[in-house]
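Structure data (TSV, C-alpha atoms) from work_39.tsv:
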chain	number	residue	atom	x	y	z
A	24	MET	CA	23.73	-84.82	31.31
A	25	LYS	CA	21.80	-86.02	28.38
A	26	PRO	CA	23.09	-84.90	24.95
A	27	ALA	CA	19.91	-82.99	24.15
A	28	ARG	CA	20.15	-80.92	27.31
A	29	LEU	CA	23.86	-80.31	26.67
A	30	TYR	CA	23.20	-79.02	23.18
A	31	LEU	CA	20.45	-76.78	24.49
A	32	ALA	CA	22.75	-75.28	27.11
A	33	ILE	CA	25.45	-74.61	24.53
A	34	LEU	CA	22.90	-72.96	22.27
A	35	VAL	CA	21.67	-70.72	25.10
A	36	VAL	CA	25.26	-69.66	25.84
A	37	PHE	CA	25.89	-68.80	22.19
A	38	VAL	CA	22.64	-66.84	21.92
A	39	PHE	CA	23.42	-64.96	25.09
A	40	ALA	CA	26.95	-64.14	23.90
A	41	PHE	CA	25.64	-62.97	20.54
A	42	ALA	CA	23.06	-60.77	22.24
A	43	VAL	CA	25.75	-59.22	24.45
A	44	VAL	CA	28.01	-58.48	21.46
A	45	ALA	CA	25.17	-57.10	19.39
A	46	GLY	CA	23.97	-54.97	22.27
A	47	TRP	CA	27.47	-53.62	22.84
A	48	ARG	CA	27.78	-52.76	19.18
A	49	ILE	CA	24.47	-50.93	19.33
A	50	VAL	CA	25.62	-49.02	22.40
A	51	GLY	CA	28.87	-48.16	20.64
A	52	GLN	CA	26.99	-46.95	17.57
A	53	MET	CA	24.70	-44.81	19.69
A	54	GLN	CA	27.59	-43.29	21.60
A	55	ALA	CA	29.49	-42.59	18.38
A	56	GLU	CA	26.43	-40.84	16.94
A	57	ARG	CA	26.08	-38.86	20.14
A	58	TYR	CA	29.62	-37.47	20.17
A	59	ALA	CA	30.37	-37.33	16.41
A	60	GLN	CA	29.83	-33.57	16.09
A	61	ALA	CA	30.89	-32.24	19.49
A	62	ASP	CA	33.73	-34.63	20.36
A	63	PRO	CA	34.75	-36.68	17.30
A	64	GLU	CA	37.80	-38.24	19.00
A	65	ARG	CA	35.59	-39.62	21.76
A	66	ALA	CA	33.15	-40.89	19.15
A	67	LEU	CA	35.98	-42.67	17.37
A	68	GLY	CA	36.88	-44.34	20.65
A	69	TRP	CA	33.50	-46.05	20.50
A	70	ARG	CA	33.61	-46.71	16.79
A	71	PRO	CA	36.98	-46.14	15.02
A	72	ASP	CA	35.48	-46.02	11.53
A	73	HIS	CA	32.52	-43.71	12.20
A	74	PRO	CA	32.32	-41.59	8.97
A	75	GLN	CA	30.76	-38.45	10.45
A	76	ALA	CA	33.25	-38.34	13.32
A	77	LEU	CA	36.18	-38.80	10.92
A	78	LEU	CA	34.83	-36.02	8.71
A	79	VAL	CA	34.36	-33.58	11.61
A	80	LEU	CA	37.79	-34.43	12.99
A	81	ALA	CA	39.49	-33.89	9.62
A	82	GLU	CA	37.77	-30.52	9.17
A	83	ARG	CA	38.75	-29.44	12.68
A	84	GLN	CA	42.37	-30.47	12.15
A	85	LEU	CA	42.43	-28.58	8.84
A	86	ALA	CA	41.05	-25.42	10.47
A	87	GLU	CA	43.72	-25.65	13.16
A	88	GLY	CA	46.52	-25.96	10.57
A	89	ARG	CA	47.28	-29.61	11.38
A	90	PHE	CA	47.44	-30.55	7.74
A	91	ALA	CA	49.19	-33.92	8.05
A	92	GLU	CA	46.69	-35.07	10.69
A	93	SER	CA	43.79	-33.81	8.57
A	94	ARG	CA	45.07	-35.80	5.59
A	95	ALA	CA	45.39	-38.91	7.75
A	96	SER	CA	41.81	-38.57	9.02
A	97	ALA	CA	40.51	-38.00	5.49
A	98	ARG	CA	42.33	-41.09	4.23
A	99	ARG	CA	40.89	-43.16	7.09
A	100	LEU	CA	37.47	-41.96	5.98
A	101	LEU	CA	38.17	-42.92	2.37
A	102	ALA	CA	39.40	-46.34	3.45
A	103	HIS	CA	35.92	-47.05	4.85
A	104	GLU	CA	33.92	-44.98	2.31
A	105	PRO	CA	35.87	-44.68	-0.97
A	106	LEU	CA	33.13	-42.58	-2.61
A	107	GLN	CA	33.10	-39.92	0.11
A	108	GLY	CA	33.69	-36.80	-2.00
A	109	VAL	CA	34.06	-34.36	0.90
A	110	ALA	CA	37.17	-36.27	2.01
A	111	PHE	CA	38.78	-35.39	-1.32
A	112	ARG	CA	37.89	-31.75	-0.71
A	113	LEU	CA	39.69	-31.90	2.65
A	114	LEU	CA	42.75	-33.46	1.03
A	115	ALA	CA	42.60	-30.75	-1.64
A	116	ALA	CA	42.29	-27.94	0.92
A	117	ALA	CA	45.30	-29.26	2.85
A	118	ALA	CA	47.33	-29.39	-0.37
A	119	ASP	CA	46.24	-25.87	-1.27
A	120	ARG	CA	47.29	-24.43	2.08
A	121	GLU	CA	50.63	-26.20	1.85
A	122	GLY	CA	51.25	-24.59	-1.55
A	123	ARG	CA	50.87	-27.75	-3.63
A	124	GLN	CA	48.63	-26.13	-6.23
A	125	ASP	CA	48.73	-28.91	-8.83
A	126	ASP	CA	47.70	-31.52	-6.26
A	127	ALA	CA	44.99	-29.22	-4.93
A	128	TRP	CA	43.55	-28.66	-8.42
A	129	ARG	CA	43.51	-32.41	-9.18
A	130	LEU	CA	41.87	-33.28	-5.86
A	131	TYR	CA	39.25	-30.53	-6.08
A	132	LEU	CA	38.20	-31.82	-9.52
A	133	ILE	CA	37.77	-35.28	-7.99
A	134	ALA	CA	35.77	-33.77	-5.12
A	135	GLU	CA	33.53	-31.98	-7.61
A	136	LYS	CA	32.63	-35.29	-9.24
A	137	ARG	CA	32.27	-37.27	-6.01
A	138	ALA	CA	30.41	-34.54	-4.06
A	139	PRO	CA	28.59	-32.40	-6.64
A	140	ARG	CA	26.55	-30.63	-3.95
A	141	ASP	CA	29.53	-29.53	-1.87
A	142	LEU	CA	29.48	-25.71	-2.00
A	143	GLN	CA	33.02	-25.24	-0.65
A	144	THR	CA	34.43	-27.24	-3.54
A	145	ARG	CA	32.53	-25.17	-6.08
A	146	ALA	CA	33.52	-21.92	-4.39
A	147	TRP	CA	37.22	-22.85	-4.63
A	148	LEU	CA	36.90	-23.85	-8.27
A	149	THR	CA	35.02	-20.61	-9.03
A	150	GLN	CA	37.87	-18.55	-7.62
A	151	ARG	CA	40.49	-20.45	-9.60
A	152	TYR	CA	38.55	-20.20	-12.86
A	153	LEU	CA	38.21	-16.43	-12.32
A	154	GLU	CA	41.95	-16.14	-11.72
A	155	GLN	CA	42.55	-18.00	-14.99
A	156	GLY	CA	40.16	-15.71	-16.88
A	157	ASN	CA	37.96	-18.71	-17.68
A	158	PHE	CA	34.72	-16.84	-17.06
A	159	ALA	CA	32.44	-19.40	-18.70
A	160	GLU	CA	33.57	-22.16	-16.32
A	161	ALA	CA	33.45	-19.81	-13.33
A	162	LEU	CA	29.87	-18.88	-14.14
A	163	GLY	CA	29.03	-22.54	-14.56
A	164	GLN	CA	30.12	-23.09	-10.96
A	165	ILE	CA	28.18	-20.01	-9.78
A	166	ASP	CA	25.11	-21.27	-11.60
A	167	ARG	CA	25.25	-24.55	-9.67
A	168	ILE	CA	25.86	-22.78	-6.36
A	169	LEU	CA	22.85	-20.50	-6.84
A	170	ARG	CA	20.64	-23.39	-7.90
A	171	MET	CA	21.55	-25.35	-4.74
A	172	ALA	CA	21.62	-22.36	-2.36
A	173	PRO	CA	19.52	-19.47	-3.74
A	174	GLN	CA	19.99	-17.53	-0.50
A	175	ARG	CA	23.64	-17.00	-1.45
A	176	ALA	CA	22.55	-14.57	-4.17
A	177	ARG	CA	22.63	-11.77	-1.58
A	178	SER	CA	26.41	-12.09	-1.30
A	179	ILE	CA	27.16	-13.28	-4.84
A	180	ASN	CA	25.18	-10.67	-6.83
A	181	PRO	CA	27.32	-7.68	-5.71
A	182	VAL	CA	30.44	-9.60	-6.73
A	183	LEU	CA	28.96	-10.36	-10.15
A	184	ALA	CA	28.06	-6.69	-10.56
A	185	GLN	CA	31.64	-5.65	-9.82
A	186	LEU	CA	33.10	-8.26	-12.17
A	187	ALA	CA	30.67	-7.25	-14.93
A	188	THR	CA	32.40	-3.90	-15.31
A	189	GLU	CA	34.94	-5.90	-17.34
A	190	PRO	CA	33.60	-6.34	-20.90
A	191	ALA	CA	34.73	-9.97	-21.27
A	192	PHE	CA	33.02	-11.00	-18.05
A	193	ALA	CA	29.86	-9.09	-18.99
A	194	GLU	CA	29.74	-10.99	-22.29
A	195	ALA	CA	30.15	-14.33	-20.51
A	196	LEU	CA	27.54	-13.41	-17.90
A	197	ALA	CA	25.07	-12.41	-20.63
A	198	ALA	CA	25.64	-15.75	-22.36
A	199	ARG	CA	24.83	-17.58	-19.12
A	200	LEU	CA	21.77	-15.39	-18.44
A	201	ARG	CA	20.53	-16.07	-21.96
A	202	GLN	CA	20.09	-19.72	-20.94
A	203	GLY	CA	17.40	-18.63	-18.46
A	204	PRO	CA	18.81	-19.78	-15.08
A	205	PRO	CA	16.40	-19.42	-12.14
A	206	TRP	CA	18.54	-16.64	-10.61
A	207	ARG	CA	18.38	-14.42	-13.72
A	208	ALA	CA	15.56	-12.10	-12.64
A	209	ASP	CA	17.03	-11.59	-9.18
A	210	LEU	CA	20.44	-10.68	-10.60
A	211	LEU	CA	19.02	-8.23	-13.15
A	212	ASN	CA	16.94	-6.56	-10.44
A	213	SER	CA	20.06	-6.29	-8.31
A	214	LEU	CA	22.03	-4.74	-11.18
A	215	ARG	CA	19.28	-2.21	-11.93
A	216	ASP	CA	18.76	-1.21	-8.29
A	217	PRO	CA	19.65	2.53	-8.19
A	218	ARG	CA	20.65	2.24	-4.51
A	219	ALA	CA	23.15	-0.59	-4.89
A	220	GLY	CA	23.43	-1.27	-8.62
A	221	ASN	CA	26.47	-0.55	-10.76
A	222	PRO	CA	25.63	1.65	-13.79
A	223	VAL	CA	28.64	0.46	-15.79
A	224	ALA	CA	27.92	-3.20	-15.06
A	225	VAL	CA	24.22	-3.04	-15.88
A	226	GLY	CA	24.96	-1.18	-19.11
A	227	ARG	CA	27.49	-3.79	-20.24
A	228	VAL	CA	25.36	-6.79	-19.27
A	229	MET	CA	22.11	-5.47	-20.75
A	230	GLN	CA	23.82	-4.38	-23.94
A	231	ALA	CA	25.51	-7.77	-24.26
A	232	LEU	CA	22.17	-9.50	-23.72
A	233	GLN	CA	20.59	-7.32	-26.37
A	234	ASN	CA	23.43	-8.00	-28.82
A	235	GLN	CA	23.10	-11.75	-28.22
A	236	GLY	CA	19.32	-11.67	-28.71
A	237	GLY	CA	18.67	-12.69	-25.12
A	238	LEU	CA	17.02	-9.54	-23.76
A	239	LYS	CA	13.28	-9.93	-23.17
A	240	PRO	CA	11.05	-7.02	-24.27
A	241	GLU	CA	9.88	-6.32	-20.73
A	242	GLU	CA	13.49	-6.34	-19.47
A	243	TYR	CA	14.48	-3.91	-22.22
A	244	ALA	CA	11.62	-1.56	-21.36
A	245	GLN	CA	12.42	-1.73	-17.64
A	246	TRP	CA	16.08	-1.02	-18.32
A	247	LEU	CA	15.25	2.18	-20.22
A	248	ASP	CA	12.72	3.28	-17.61
A	249	ASN	CA	15.27	2.78	-14.84
A	250	LEU	CA	17.78	4.94	-16.69
A	251	MET	CA	15.18	7.68	-17.02
A	252	THR	CA	14.21	7.37	-13.35
A	253	GLN	CA	17.88	7.84	-12.44
A	254	GLY	CA	17.97	11.03	-14.54
A	255	ARG	CA	20.13	9.44	-17.26
A	256	TRP	CA	17.83	10.43	-20.11
A	257	GLY	CA	20.65	10.86	-22.61
A	258	GLU	CA	21.89	7.30	-22.10
A	259	ALA	CA	18.33	5.96	-22.22
A	260	TYR	CA	17.69	7.74	-25.52
A	261	ALA	CA	20.98	6.57	-27.03
A	262	ARG	CA	20.30	2.93	-26.14
A	263	TRP	CA	16.73	3.17	-27.42
A	264	ALA	CA	17.52	5.04	-30.65
A	265	GLY	CA	20.67	3.08	-31.53
A	266	PRO	CA	19.04	0.05	-33.20
A	267	LEU	CA	16.17	1.98	-34.85
A	268	PRO	CA	16.24	2.71	-38.62
A	269	LYS	CA	16.86	6.38	-39.45
A	270	PRO	CA	15.78	7.03	-43.05
A	271	ALA	CA	16.88	10.68	-42.99
A	272	GLY	CA	19.93	10.05	-40.82
A	273	ARG	CA	18.18	11.02	-37.57
A	274	LEU	CA	14.94	10.44	-35.74
A	275	PRO	CA	12.23	13.13	-35.56
A	276	LEU	CA	11.82	14.93	-32.24
A	277	VAL	CA	8.42	13.24	-31.86
A	278	TYR	CA	8.81	9.60	-32.83
A	279	ASN	CA	6.00	7.92	-34.80
A	280	GLY	CA	4.07	11.19	-34.78
A	281	ASN	CA	1.70	10.01	-37.50
A	282	PHE	CA	1.00	6.66	-35.76
A	283	ALA	CA	2.17	4.76	-38.83
A	284	GLN	CA	3.44	2.01	-36.53
A	285	PRO	CA	1.67	0.51	-33.52
A	286	PRO	CA	3.05	2.25	-30.42
A	287	SER	CA	5.49	-0.01	-28.59
A	288	GLY	CA	5.21	1.66	-25.19
A	289	VAL	CA	8.99	1.40	-24.85
A	290	GLY	CA	11.57	4.14	-24.49
A	291	PHE	CA	10.73	7.27	-26.47
A	292	ASP	CA	7.83	5.83	-28.45
A	293	TRP	CA	4.19	6.50	-27.63
A	294	ARG	CA	2.94	5.01	-24.37
A	295	LEU	CA	-0.69	4.11	-23.78
A	296	ARG	CA	-1.88	4.41	-20.20
A	297	ARG	CA	-5.15	2.84	-19.09
A	298	ILE	CA	-7.38	5.69	-17.89
A	299	PRO	CA	-10.88	4.77	-16.64
A	300	GLY	CA	-13.39	6.72	-18.68
A	301	VAL	CA	-11.26	6.90	-21.86
A	302	ILE	CA	-11.31	4.52	-24.83
A	303	LEU	CA	-8.08	4.84	-26.82
A	304	GLN	CA	-7.55	2.97	-30.06
A	305	PHE	CA	-6.17	3.39	-33.57
A	306	GLU	CA	-8.13	3.35	-36.80
A	307	PRO	CA	-7.66	4.19	-40.48
A	308	GLU	CA	-8.66	7.67	-41.59
A	309	SER	CA	-8.93	8.53	-45.30
A	310	GLU	CA	-8.76	12.29	-44.74
A	311	ALA	CA	-5.58	11.92	-42.71
A	312	GLY	CA	-4.06	9.62	-45.31
A	313	GLY	CA	-3.28	6.80	-42.88
A	314	GLN	CA	-3.86	5.75	-39.29
A	315	VAL	CA	-5.02	8.11	-36.54
A	316	ALA	CA	-5.48	7.89	-32.79
A	317	TYR	CA	-9.11	7.86	-31.68
A	318	LEU	CA	-10.20	8.98	-28.20
A	319	HIS	CA	-13.67	8.46	-26.79
A	320	PHE	CA	-14.36	10.19	-23.47
A	321	LEU	CA	-17.18	8.60	-21.46
A	322	ASP	CA	-18.22	11.57	-19.29
A	323	ARG	CA	-16.09	10.58	-16.32
A	324	ARG	CA	-13.36	12.31	-14.38
A	325	VAL	CA	-10.08	11.97	-16.27
A	326	PRO	CA	-6.73	13.68	-15.57
A	327	ASN	CA	-5.39	12.98	-19.06
A	328	ALA	CA	-6.10	11.03	-22.22
A	329	GLY	CA	-3.63	8.23	-21.47
A	330	LEU	CA	-1.46	9.05	-24.51
A	331	GLU	CA	2.07	10.28	-23.85
A	332	GLN	CA	5.62	10.22	-25.15
A	333	ALA	CA	8.99	10.80	-23.51
A	334	LEU	CA	11.16	13.41	-25.24
A	335	LEU	CA	14.80	14.42	-25.14
A	336	LEU	CA	14.92	18.09	-26.14
A	337	SER	CA	18.03	20.18	-25.67
A	338	PRO	CA	17.67	23.73	-24.30
A	339	GLY	CA	16.07	26.11	-26.79
A	340	SER	CA	12.80	27.07	-28.46
A	341	TYR	CA	10.49	24.68	-30.34
A	342	ARG	CA	7.14	24.72	-32.08
A	343	LEU	CA	4.64	21.93	-31.31
A	344	SER	CA	1.90	21.16	-33.81
A	345	VAL	CA	-0.89	18.54	-33.67
A	346	ARG	CA	-3.64	17.89	-36.25
A	347	MET	CA	-6.98	17.06	-34.63
A	348	ARG	CA	-10.71	16.88	-35.20
A	349	ALA	CA	-13.45	16.48	-32.60
A	350	ARG	CA	-17.13	15.76	-32.12
A	351	ALA	CA	-19.05	17.13	-29.12
A	352	LEU	CA	-15.87	17.29	-27.05
A	353	ARG	CA	-16.73	19.05	-23.80
A	354	SER	CA	-14.89	19.68	-20.53
A	355	GLU	CA	-14.63	22.50	-18.00
A	356	LEU	CA	-11.48	24.16	-19.41
A	357	GLY	CA	-10.89	22.14	-22.58
A	358	LEU	CA	-8.03	19.70	-23.13
A	359	GLN	CA	-4.44	20.82	-23.75
A	360	TRP	CA	-1.29	19.38	-25.20
A	361	THR	CA	1.61	20.05	-22.83
A	362	VAL	CA	5.34	19.49	-22.80
A	363	GLN	CA	6.41	19.13	-19.16
A	364	CYS	CA	9.94	18.84	-17.86
A	365	GLN	CA	10.88	15.83	-15.79
A	366	GLY	CA	12.38	18.10	-13.20
A	367	PRO	CA	11.81	21.34	-11.31
A	368	ALA	CA	11.43	23.48	-14.47
A	369	GLY	CA	7.77	22.40	-14.78
A	370	VAL	CA	5.65	22.97	-17.91
A	371	ALA	CA	7.69	24.11	-20.91
A	372	GLY	CA	4.64	25.00	-23.06
A	373	ARG	CA	0.99	24.20	-23.77
A	374	THR	CA	-1.58	24.60	-26.56
A	375	ASP	CA	-4.80	26.57	-26.35
A	376	ALA	CA	-7.90	24.77	-25.09
A	377	ILE	CA	-9.25	21.97	-27.30
A	378	ASP	CA	-13.05	21.80	-27.09
A	379	GLY	CA	-16.26	21.48	-29.12
A	380	SER	CA	-16.82	20.06	-32.61
A	381	PHE	CA	-14.51	20.87	-35.52
A	382	ALA	CA	-13.01	19.39	-38.68
A	383	TRP	CA	-9.34	18.67	-39.09
A	384	ARG	CA	-7.26	21.60	-37.84
A	385	THR	CA	-3.81	22.19	-36.36
A	386	PHE	CA	-3.17	23.17	-32.75
A	387	GLU	CA	0.17	24.77	-32.03
A	388	ALA	CA	2.23	25.82	-29.01
A	389	ASP	CA	5.57	27.51	-28.35
A	390	ILE	CA	7.86	25.32	-26.25
A	391	THR	CA	10.86	26.69	-24.34
A	392	ILE	CA	13.29	24.22	-22.79
A	393	PRO	CA	15.41	25.85	-20.06
A	394	ALA	CA	19.09	25.16	-19.58
A	395	ALA	CA	18.58	23.66	-16.11
A	396	GLY	CA	15.95	21.59	-14.36
A	397	CYS	CA	14.76	19.83	-17.50
A	398	PRO	CA	16.85	16.71	-18.35
A	399	GLY	CA	13.90	15.11	-20.16
A	400	GLN	CA	10.30	15.89	-21.00
A	401	TRP	CA	6.86	14.32	-21.39
A	402	LEU	CA	4.41	15.18	-24.16
A	403	ARG	CA	0.81	14.59	-23.04
A	404	LEU	CA	-2.80	15.45	-23.81
A	405	VAL	CA	-4.07	16.55	-20.41
A	406	ASN	CA	-7.11	17.90	-18.63
A	407	PRO	CA	-5.92	21.06	-16.78
A	408	VAL	CA	-8.78	20.91	-14.26
A	409	PRO	CA	-7.68	19.72	-10.79
A	410	SER	CA	-9.27	16.56	-9.45
A	411	GLY	CA	-12.95	16.85	-8.61
A	412	ALA	CA	-16.37	16.87	-10.21
A	413	ALA	CA	-15.30	19.50	-12.77
A	414	GLN	CA	-12.75	17.08	-14.23
A	415	ARG	CA	-15.37	15.24	-16.32
A	416	VAL	CA	-14.78	14.94	-20.07
A	417	VAL	CA	-17.18	13.75	-22.76
A	418	GLY	CA	-17.01	13.48	-26.52
A	419	GLU	CA	-14.72	12.17	-29.25
A	420	ALA	CA	-11.43	13.29	-30.74
A	421	TRP	CA	-9.10	12.12	-33.49
A	422	LEU	CA	-5.46	13.15	-33.76
A	423	ASP	CA	-2.64	12.77	-36.24
A	424	ASP	CA	0.69	14.28	-37.33
A	425	VAL	CA	2.24	15.29	-34.01
A	426	ARG	CA	5.42	17.28	-34.62
A	427	LEU	CA	8.07	19.31	-32.86
A	428	VAL	CA	10.33	21.69	-34.82
A	429	ARG	CA	13.23	23.58	-33.37
A	430	GLN	CA	13.03	27.36	-33.81
A	431	ARG	CA	16.03	29.53	-34.49
As structure tokens, how would this structure be written, given the file I've shared?
Amino acid sequence: MKPARLYLAILVVFVFAFAVVAGWRIVGQMQAERYAQADPERALGWRPDHPQALLVLAERQLAEGRFAESRASARRLLAHEPLQGVAFRLLAAAADREGRQDDAWRLYLIAEKRAPRDLQTRAWLTQRYLEQGNFAEALGQIDRILRMAPQRARSINPVLAQLATEPAFAEALAARLRQGPPWRADLLNSLRDPRAGNPVAVGRVMQALQNQGGLKPEEYAQWLDNLMTQGRWGEAYARWAGPLPKPAGRLPLVYNGNFAQPPSGVGFDWRLRRIPGVILQFEPESEAGGQVAYLHFLDRRVPNAGLEQALLLSPGSYRLSVRMRARALRSELGLQWTVQCQGPAGVAGRTDAIDGSFAWRTFEADITIPAAGCPGQWLRLVNPVPSGAAQRVVGEAWLDDVRLVRQR
């Protein structure tokens, strides 16, 4: 045989052998991928260093209590992939279940660095930080878990609510919430939920947020409204009135009755409701000696003027007085100031009808707060006519100096 043909034959043999080996390796890889999840030992028979099969096998051995075998599988995985962080978590879990707490702690910290997205590692660290009373670090782990898996909030939020009954944890939680994590709104809604929320927890967390300057105005207003909706008017008033200045040592029964300050719409200050057909604004008035509320009714059906204030009156008798003037104010039965209980007791008192044109004058009403069925009240300027065509109101009115005085 000529040398050229000999060399060609040898080359063909080598190419064929290489193709067979490469093909077999491909088949082995495919078979290992096929069985890695369902039958990792079979997969490892095709490819002894297959990382996914080793990982599944180590987890299965750990779950079955075969800790030594799980460690061996995890170390085989690390021998082929030294940066595989989940393998360190498996070594840590085996050490933990065998009672080697120091080794478990050290290995879990390594797993946290090597596999920062592994939720099981962070869950274990969270539990240990809570046991140590290191709430800041525990909440740091929870923050990362909720950022990676927001759906876990459903199970985590009730736990946070329970833990927040402890003042130290509530302070730490408020500090974390102040940083504005994406799960903040969902947690606060969960805390405030009257069906599943924890009143003690929400009080501690919201108060801590307020003390730390991290409570948003809308969150503060919602907090107070939720307390009132739950019938906890006394707590709502205390939390609203606490930070307010009290020049005479106490707040008047009607706050900001002379409209010296712009109404905040929060708590027991004036609230302005948008009512179609009513223009409500504030303007200076020389005769009143300051600012007054101005109401312009546009000859449309209106149930009330859109001006109201929540009150917290204890049982007893009171006298309501309101200074007003009007121009061509007309309605079917006239407008009335009412104090109505937030409860079955109903209307506690009302003024006479307010109608026509008149200069500054005072409208008064006797108010009686019963001992039951009236945990809180609303002061409103209302149209007593039921809904319908007769509910139209037209004209202008100015009001100032709204007061309530307790009668002996």
- At a cut-off of 12 Å from (19.8, -0.5, -9.7) in the coordinates of the file, what residues are picked up using only C-alpha atoms, written as a PyMOL selection string? chain A and resi 180-181+184+209-226+245-253
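Between CA of Trp401 (chain A) and CA of Leu267 (chain A) the interatomic distance comes to 20.5 Å.
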- Pick out the residues sitting within 12 Å of Trp147 (chain A), and hand them over as a ChimeraX atom specification; count all atoms listed in the file, and ignore anything fewer than 3 positions along from it in its own chain. /A:112-113,115-116,119,124,127-128,130-132,134-135,141-144,150-154,161,164-165,168
- Message: So that I can check the surroundings of region 415-418 of chain A, please list as a PyMOL selection string every protein, DNA and RNA residue that reaches within 7 Å of it, counting all atoms listed in the file and ignoring chain neighbours fewer than 4 positions away.
- Response: chain A and resi 319-325+350-354
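Here CA of Ala371 (chain A) stands at a distance of 11.9 Å from CA of Ala395 (chain A).
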- Rounded to one decimal place, report the CA of Pro204 (chain A)-CA of Gly156 (chain A) distance in Å.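 One can read the CA of Pro204 (chain A) to CA of Gly156 (chain A) distance as 21.8 Å.
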- Task: Return the single residue from A:Leu232, A:Arg145, A:Ser337, A:Thr188 that is closest to Gly203 (chain A), with distances computed using only C-alpha atoms.
- Result: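 Closest candidate: A:Leu232.
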- Message: Nearest residue to Ser344 (chain A) out of A:Ala271, A:Gln400, A:Gly411, A:Val428, using all atoms listed in the file?
- Response: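 Comparing A:Ala271, A:Gln400, A:Gly411, A:Val428 against Ser344 (chain A), the winner is A:Val428.
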Box time for region 275-281 of chain A: axis-aligned, enclosing all its listed atoms, 3 Å extra on each side; report centre and edge lengths in Å to one decimal, as JSON.
{"center_x": 7.0, "center_y": 11.4, "center_z": -34.7, "size_x": 16.5, "size_y": 13.0, "size_z": 11.6}
Give me, as a tab-separated table (two decimals) with C-alpha atoms, in the frame of the given file, all polymer residues having an atom no more than 8 Å from Phe386 (chain A), counting only C-alpha atoms and skipping those fewer than 2 positions away in the same chain.
chain	number	residue	atom	x	y	z
A	344	SER	CA	1.90	21.16	-33.81
A	345	VAL	CA	-0.89	18.54	-33.67
A	346	ARG	CA	-3.64	17.89	-36.25
A	347	MET	CA	-6.98	17.06	-34.63
A	374	THR	CA	-1.58	24.60	-26.56
A	375	ASP	CA	-4.80	26.57	-26.35
A	384	ARG	CA	-7.26	21.60	-37.84
A	388	ALA	CA	2.23	25.82	-29.01
- Item | Selection as a VMD selection string: residues within 10 Å of (13.7, 20.1, -13.4), counting all atoms listed in the file | chain A and resid 363 to 370 393 to 400
Where atoms are absent from region 208-217 of chain A, fill them in so it carries N, CA, C and O atoms, then output it as a compact mmCIF listing (two decimals), in the coordinates of the input.
# COMPACT_ATOMS: atom_id res chain seq x y z
N ALA A 208 16.36 -13.28 -12.97
CA ALA A 208 15.56 -12.10 -12.64
C ALA A 208 16.12 -11.40 -11.40
O ALA A 208 16.19 -10.16 -11.35
N ASP A 209 16.51 -12.18 -10.40
CA ASP A 209 17.03 -11.59 -9.18
C ASP A 209 18.32 -10.82 -9.44
O ASP A 209 18.53 -9.72 -8.92
N LEU A 210 19.19 -11.37 -10.29
CA LEU A 210 20.44 -10.68 -10.60
C LEU A 210 20.18 -9.39 -11.36
O LEU A 210 20.77 -8.34 -11.06
N LEU A 211 19.30 -9.44 -12.37
CA LEU A 211 19.02 -8.23 -13.15
C LEU A 211 18.40 -7.16 -12.27
O LEU A 211 18.71 -5.96 -12.42
N ASN A 212 17.52 -7.55 -11.37
CA ASN A 212 16.94 -6.56 -10.44
C ASN A 212 18.02 -5.95 -9.57
O ASN A 212 18.00 -4.75 -9.28
N SER A 213 18.96 -6.78 -9.14
CA SER A 213 20.06 -6.29 -8.31
C SER A 213 20.94 -5.32 -9.09
O SER A 213 21.36 -4.28 -8.57
N LEU A 214 21.21 -5.62 -10.35
CA LEU A 214 22.03 -4.74 -11.18
C LEU A 214 21.35 -3.40 -11.42
O LEU A 214 21.99 -2.35 -11.42
N ARG A 215 20.01 -3.44 -11.60
CA ARG A 215 19.28 -2.21 -11.93
C ARG A 215 18.94 -1.37 -10.70
O ARG A 215 18.50 -0.23 -10.85
N ASP A 216 19.13 -1.92 -9.52
CA ASP A 216 18.76 -1.21 -8.29
C ASP A 216 19.56 0.09 -8.20
O ASP A 216 20.79 0.05 -8.08
N PRO A 217 18.91 1.27 -8.23
CA PRO A 217 19.65 2.53 -8.19
C PRO A 217 20.40 2.75 -6.88
O PRO A 217 21.34 3.52 -6.81
